[in-house]
Structure formats: C-alpha cells, structure tokens
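Notes follow the structure.
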Amino acid sequence: MIEADQQLFEWFNGFVGTWTWFDNIMKVLVSDFFLPVLIAAAAWSLWFVGRTGSERRRNQLGFIYGAIGAGFSNLAITLVNGHLDRARPFITLEDVNVLFYRPTDPSFPSNAAAFAFAMAAGVWVTNRRMGMAIGVGAVLFSVARVYAGMHFPLDVAGGALVGILVTYVFYRALGMLQPVLNFGFWLLRQAFLA
Amino acid sequence: MSRRTAALISLAADYFILVLCVCTGVVQIASAYSRLNGLLFIPDSRAGYLIGLALPTGAFTWFVHIGDVGIPGDLGGVEGFQQFGMFLGAAAAATGLSAVVSSLTQYRRKGNPAPGLGMDALREATVLQLVQARLKERRRR
C-alpha cells in the first residue's frame with residue numbers, strides 16, 4: 001500500500017514543470033495562507049448569515065461544529081504524530097518537485113487536510129450548500145498539497161478521515177450538551193452576538 | 001532574538017492582519033446579505049458587498065506583495081494550531097472592529113433599537129445605539 005502510495009505520488013508530482021501556468025495556480029492553492037484562510041472565513045461568515053433567527057442559529061452551530069472539529073483534529077494529529085512519524089516526500093524520495101516551503105512536521109496524517117475537511121464536515125451538518133463549497137476547497141487544497149510535493153496521497157486521505165471523524169464525534173457530543181449550548185447562545189444574544 | 005524567531009513573529013503579525021482584513025470583509029458581505037444594517041460601514045447593501053470584496057482582495061494582494069508566501073524553506077511557516085488560534089482571535093477582533101466602525105459611521109443615523117432581539121436587533125440599529133438603549137432601560141427600572 002505504501003509503495004502504491006509512493007508511485008501515485010511520483011506520477012502526480014511528475015507533472016510539475018509541465019505547464020508553468022498550472023504550477024503557478026498550484027503555488028497559490030497549496031499556500032497555508034490562501035485556501036485555509038478562505039475556508040475558515042467562509043465558515044465564519046455563517047455566524048452572521050440567516051434571514052431568520054433560527055436559520056442563523058443553525059448556521060452558527062455549523063461554524064461551532066467545524067471550528068471545534070478542526071481544533072480537536074489538530075490535537076488528534078499531534079497525538080498520532082507522537083507515535084507515527086512518516087517523513088515528507090521530499091525527504092523520503094529523490095527528485096521531488098517542491099513548490100512551497102518545506103514543512104518540518106510529520107507527513108501522515110495531513111494536518112492541512114484534517115483542518116479543511118473538519119470545517120467542511122461541521123458546516124455540512126447544518127448548511128449543505130456551504131458545506132459542499134468548503135468541501136470543494138478542501139479537495140483542491142489536499143490535491144495541491146500532493147502535487148506540490150508536501151504530502152503523499154495517503155497522508156491527505158488520512159487527514160481528511162481524521163477531520164471528518166473527529167468533527168462527527170464532537171457533533172454528536174455537542175448534541176448531548178444542548179443546555180450548555182443554549183446558555184452560551186443566551187449569553188451571546190445579550191451582547192448582540194447571536 | 002534569532003533570525004528564525006524574528007521571521008516567525010513578523011510572519012505571525014502579518015498573518016493576523018491578513019485574517020483581520022479578510023474576516024472584516026466577510027462580516028460586511030454576510031451583514032449585507034442578512035440585512036444586518038447596523039454592522040455595515042455604509043448602510044447600503046451594495047456598498048457592503050463592495051467593501052467586503054475589496055478588503056480581502058487588498059489583503060491577499062498585500063500579503064503576496066510583501067513576500068510572506070515565499071517563506072525560506074529552512075524557516076518553516078506558522079504552525080497549524082497557531083494559525084487556528086490566530087484565526088479565531090482575528091475573527092473576534094474583526095467583529096469588534098465592525099461593531100465600532102459601523103457605530104461611528106452611522107452615529108447620526110436614526111435607529112430603532114430593540115436590545116432584546118439579540119443579533120436581529122442589528123437590522124435596525126448599531127451596537128452603540130443598542131448599548132445606549134439598554135442602559136436607558138436599566139436606568140428607568
């Protein structure tokens with residue numbers, strides 16, 4: 001499986017340099033400072049969106065699920081990395097084309113993919129259309145990370161799985177903590193924030 | 001201070017400014033869409049969309065221009081959890097900034113404050129007008 005993963009990576013990363021315009025697009029998409037900011041901002045926008053109070057509250061819950069899922073996915077990956085330290089492709093393999101800076105943290109599971117898919121999953125629970133849009137962003141980000149030589153395909157698949165699973169667990173857990181959420185929303189309403 | 005620490009602090013500060021501008025733009029667009037006029041810098045939804053698009057576009061252009069996207073390989077970037085924390089901080093700051101700026105720019109505009117409605121009250125009044133109305137209510141009691 002690892003061998004197939006490396007072969008798929010080498011095939012995909014081998015396209016770097018073929019089309020300069022495509023590489024330039026990928027350089028933007030792979031950046032930590034573009035798609036992740038847009039994904040988080042899109043989720044954040046839901047805090048204010050809603051023609052009615054109940055629609056806005058559903059959207060706000062979506063942001064909360066996504067943000068908590070993303071935060072705990074990050075923690076889960078830190079814990080996994082304590083036991084599993086897969087080296088980045090540009091360390092493991094020769095002649096890897098790297099389009100961005102060389103991260104120093106372990107490759108598996110991808111933190112970037114976990115964050116993006118956690119946000120998409122959290123938002124998808126309450127707002128299908130925005131969840132799908134963020135999901136497209138998450139897929140683009142993950143594909144770009146592999147193309148740019150920063151992750152193996154299995155890393156981003158693992159990261160996506162961690163993000164979705166952790167978000168689902170917290171979505172279920174928060175469902176049981178409804179009184180706490182209600183109190184939180186009541187407090188925010190006093191400050192015109194919900 | 002080492003070169004690495006100085007570069008990371010500078011990058012983190014630039015990242016915070018980037019996210020602050022993007023989130024402020026997002027608040028303007030979302031407020032225009034949801035008719036939360038009390039959060040708009042200019043109480044007109046078209047202006048809200050325009051400011052909301054201009055702010056993130058300008059911020060991303062600035063961020064690319066100053067060269068933070070091309071961080072030297074040996075320095076690495078801002079860690080994921082740091083980015084996440086800074087995003088939440090910047091998003092909260094953007095909400096505060098929107099509340100303050102809209103309260104100032106719409107200071108003379110007559111509102112219809114109903115503090116009991118939560119965020120929906122921002123359709124008819126600014127945060128400042130709502131706070132004033134609440135204080136008046138408390139004094140009456």
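Numbering starts fresh at 1 for the residues of each chain in the structure tokens, the chains themselves are lettered A, B, ... in the order given, and ligands are numbered from 1 as they appear.
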Legend entry - Exercise: Ser107 of chain A partners within 8 Å, only C-alpha atoms, chain neighbours under 3 positions left out, as a list of chain:residue names: A:Asp85, A:Arg86, A:Ala87, A:Arg88, A:Pro89, A:Ser110, A:Met150, A:His151, A:Phe152, A:Asp155
Preceding selection exported with C-alpha atoms as a CSV table (one decimal), in the first residue's frame:
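Final output, saved to part.csv:
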```csv
chain,number,residue,atom,x,y,z
A,85,ASP,CA,6.5,9.8,12.2
A,86,ARG,CA,6.2,9.4,8.4
A,87,ALA,CA,8.8,11.6,6.6
A,88,ARG,CA,7.8,14.1,4.0
A,89,PRO,CA,8.1,13.0,0.3
A,110,SER,CA,-2.0,15.7,6.9
A,150,MET,CA,4.4,18.2,0.5
A,151,HIS,CA,2.3,15.1,1.2
A,152,PHE,CA,1.7,11.6,-0.1
A,155,ASP,CA,-1.4,11.5,4.1
```
Legend entry - Neighbour list for segment 25-39 of chain B as a PyMOL selection string, cut-off 9 Å, only C-alpha atoms, skip fewer than 4 positions in-chain: (chain A and resi 41-42+44-52) or (chain B and resi 20-21+43-56+94-95+98-103+106+111+119-127)
For the selection you just gave me, I'd like the residues written to a file as a PDB file, in the first residue's frame, keeping C-alpha atoms.
```pdb
ATOM      1  CA  ALA A  41     -13.589  32.738   6.621  1.00  0.00           C
ATOM      2  CA  ALA A  42     -16.395  31.089   4.637  1.00  0.00           C
ATOM      3  CA  TRP A  44     -17.053  32.157   9.881  1.00  0.00           C
ATOM      4  CA  SER A  45     -19.363  34.121   7.566  1.00  0.00           C
ATOM      5  CA  LEU A  46     -22.173  31.754   8.564  1.00  0.00           C
ATOM      6  CA  TRP A  47     -22.156  33.285  12.027  1.00  0.00           C
ATOM      7  CA  PHE A  48     -23.914  36.308  10.523  1.00  0.00           C
ATOM      8  CA  VAL A  49     -25.935  34.631   7.771  1.00  0.00           C
ATOM      9  CA  GLY A  50     -29.628  33.903   8.157  1.00  0.00           C
ATOM     10  CA  ARG A  51     -32.817  35.639   7.140  1.00  0.00           C
ATOM     11  CA  THR A  52     -34.419  34.443  10.367  1.00  0.00           C
TER      12      THR A  52
ATOM     13  CA  LEU B  20      -8.413  40.502  10.295  1.00  0.00           C
ATOM     14  CA  CYS B  21      -8.973  42.180   6.906  1.00  0.00           C
ATOM     15  CA  PRO B  43     -25.720  51.429   5.472  1.00  0.00           C
ATOM     16  CA  ASP B  44     -26.230  50.218   1.921  1.00  0.00           C
ATOM     17  CA  SER B  45     -26.030  46.540   0.967  1.00  0.00           C
ATOM     18  CA  ARG B  46     -24.251  47.217  -2.379  1.00  0.00           C
ATOM     19  CA  ALA B  47     -21.575  49.191  -0.532  1.00  0.00           C
ATOM     20  CA  GLY B  48     -21.339  46.316   1.958  1.00  0.00           C
ATOM     21  CA  TYR B  49     -20.668  43.797  -0.829  1.00  0.00           C
ATOM     22  CA  LEU B  50     -18.125  46.143  -2.427  1.00  0.00           C
ATOM     23  CA  ILE B  51     -16.202  46.788   0.807  1.00  0.00           C
ATOM     24  CA  GLY B  52     -16.481  43.080   1.608  1.00  0.00           C
ATOM     25  CA  LEU B  53     -14.819  42.125  -1.665  1.00  0.00           C
ATOM     26  CA  ALA B  54     -12.244  44.926  -1.642  1.00  0.00           C
ATOM     27  CA  LEU B  55     -10.896  44.186   1.840  1.00  0.00           C
ATOM     28  CA  PRO B  56      -9.916  40.508   1.290  1.00  0.00           C
ATOM     29  CA  ALA B  94     -12.995  41.719  13.098  1.00  0.00           C
ATOM     30  CA  THR B  95     -16.424  41.510  14.744  1.00  0.00           C
ATOM     31  CA  SER B  98     -17.072  46.095  12.561  1.00  0.00           C
ATOM     32  CA  ALA B  99     -19.197  46.992  15.590  1.00  0.00           C
ATOM     33  CA  VAL B 100     -17.035  50.029  16.438  1.00  0.00           C
ATOM     34  CA  VAL B 101     -16.623  51.350  12.873  1.00  0.00           C
ATOM     35  CA  SER B 102     -20.306  50.906  11.967  1.00  0.00           C
ATOM     36  CA  SER B 103     -21.355  52.589  15.234  1.00  0.00           C
ATOM     37  CA  GLN B 106     -23.767  55.545  11.442  1.00  0.00           C
ATOM     38  CA  GLY B 111     -32.057  53.684  14.604  1.00  0.00           C
ATOM     39  CA  MET B 119     -28.266  39.878  16.682  1.00  0.00           C
ATOM     40  CA  ASP B 120     -31.552  40.529  14.840  1.00  0.00           C
ATOM     41  CA  ALA B 121     -31.633  43.922  16.581  1.00  0.00           C
ATOM     42  CA  LEU B 122     -28.684  44.891  14.341  1.00  0.00           C
ATOM     43  CA  ARG B 123     -31.088  45.130  11.384  1.00  0.00           C
ATOM     44  CA  GLU B 124     -32.431  48.416  12.752  1.00  0.00           C
ATOM     45  CA  ALA B 125     -29.676  49.794  14.991  1.00  0.00           C
ATOM     46  CA  THR B 126     -25.920  49.857  15.564  1.00  0.00           C
ATOM     47  CA  VAL B 127     -24.213  48.228  18.546  1.00  0.00           C
TER      48      VAL B 127
END
```
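The nearest approach to chain A among the residues B:Ala7, B:Leu104, B:Ala90, B:Ile42, with only C-alpha atoms taken into account, belongs to B:Ala90.
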Legend entry - Interface residues on chain A facing chain B, 8 Å, only C-alpha atoms, written as a PyMOL selection string: chain A and resi 31+33-34+37+40-42+44-46+48-51+53+71+74+100-104+111-112+188-194
